[in-house]
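Working notes, structure below.
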Amino acid sequence: MKKWMVLGLLVALSAPVFAGDKCDSDCPMKMKGPKQEMMKMDPAFKAKMEAEKAQRKARKARFKQTEEKLEKLVKQYKSAKEGSKKQAAAREEIAQVLSGVRDEQIAFRAEKLQEFEERLGDMKAGLAREQEPAAKAAWVEQMTQRVISEDGDLEDALEQQGRLYGPKALRGPAPMGPQEGHLPPPPPPGME
C-alpha cells in the first residue's frame, strides 16, 4: 500500500512535466538569453547561428564516421597475429587516421584563434571610440539623466544601459563582444 501511495505521489508531481507545450511561438520558456533575442531581431545573426549549427552537425557526423573506422581498424589489429604484416598495416592505418584527426583539431583551434583575434581587434576599436572625450561627455550626460530618473540608483541605471560595473556585474555571462549602440546617442535637442 505504501509503495502505491509513493508511486501515486511521484506521478502527480511529475505530471506537469509530461503535460506538453502549451505556448505559442513567443513562449518565454523556449527563448531565453541574449542569443535568442538577437536571433529574433537580426536575420543575419540567425543565419550565422544556423550556419554554425550546420557546421557542428557536420563535424559531429565526420567524428562518428572516423570513430567507426577506428573501431574496425582496432578490431583488425587485435584479431591479427602478433607481429604480423597485417597487424603492422592496421597499426599504420590507425596512425594515419589519428594524424588526420590531429590536423583537424589544429586547424579548428587556429580558426577559433583567428576569430578571437578579430573580436579582440573589434573590442579594442570600440574601447578607443569610448575613450574619446566627446563619447565620454555624451555618456556622462545620458547617465546623469538615467541616475536622476532612477532616484540615484546607479546599478539600475547601468543595468538599463546593458553594462554593469557594480555587484550584479559578477553574476551575468561575459559580453559577447563589441556591439553597435554602446555609445550613447547624442542628447535630444533640448538637453544640449
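Chain lettering (A, B, ...) mirrors the order of the C-alpha cells, residue numbering begins at 1 for each chain separately, and ligand numbering begins at 1 in order of display.
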Would you mind listing what lies within 8 Å of range 57-74 of chain A as a PDB file with N, CA, C and O atoms, in the first residue's frame, with only C-alpha atoms counted and same-chain residues fewer than 5 positions away left out?
ATOM      1  N   ALA A  90      47.568  -2.471 -40.105  1.00  0.00           N
ATOM      2  CA  ALA A  90      46.428  -1.915 -39.369  1.00  0.00           C
ATOM      3  C   ALA A  90      46.895  -0.807 -38.430  1.00  0.00           C
ATOM      4  O   ALA A  90      46.253   0.242 -38.312  1.00  0.00           O
ATOM      5  N   ARG A  91      48.031  -1.028 -37.767  1.00  0.00           N
ATOM      6  CA  ARG A  91      48.573  -0.008 -36.855  1.00  0.00           C
ATOM      7  C   ARG A  91      48.931   1.264 -37.626  1.00  0.00           C
ATOM      8  O   ARG A  91      48.670   2.375 -37.166  1.00  0.00           O
ATOM      9  N   GLU A  93      47.621   2.280 -40.456  1.00  0.00           N
ATOM     10  CA  GLU A  93      46.382   2.931 -40.895  1.00  0.00           C
ATOM     11  C   GLU A  93      45.716   3.664 -39.730  1.00  0.00           C
ATOM     12  O   GLU A  93      45.186   4.767 -39.914  1.00  0.00           O
ATOM     13  N   ILE A  94      45.760   3.091 -38.528  1.00  0.00           N
ATOM     14  CA  ILE A  94      45.235   3.771 -37.336  1.00  0.00           C
ATOM     15  C   ILE A  94      46.003   5.074 -37.112  1.00  0.00           C
ATOM     16  O   ILE A  94      45.410   6.129 -36.838  1.00  0.00           O
ATOM     17  N   VAL A  97      44.879   7.734 -39.630  1.00  0.00           N
ATOM     18  CA  VAL A  97      43.578   8.299 -39.288  1.00  0.00           C
ATOM     19  C   VAL A  97      43.731   9.286 -38.125  1.00  0.00           C
ATOM     20  O   VAL A  97      43.184  10.395 -38.154  1.00  0.00           O
TER      21      VAL A  97
END
Sel. of helix (DSSP H, G or I) residues, range 16-167 of chain A, as a PyMOL selection string: chain A and resi 16-18+33-41+43-79+85-130+133-149+154-161+167
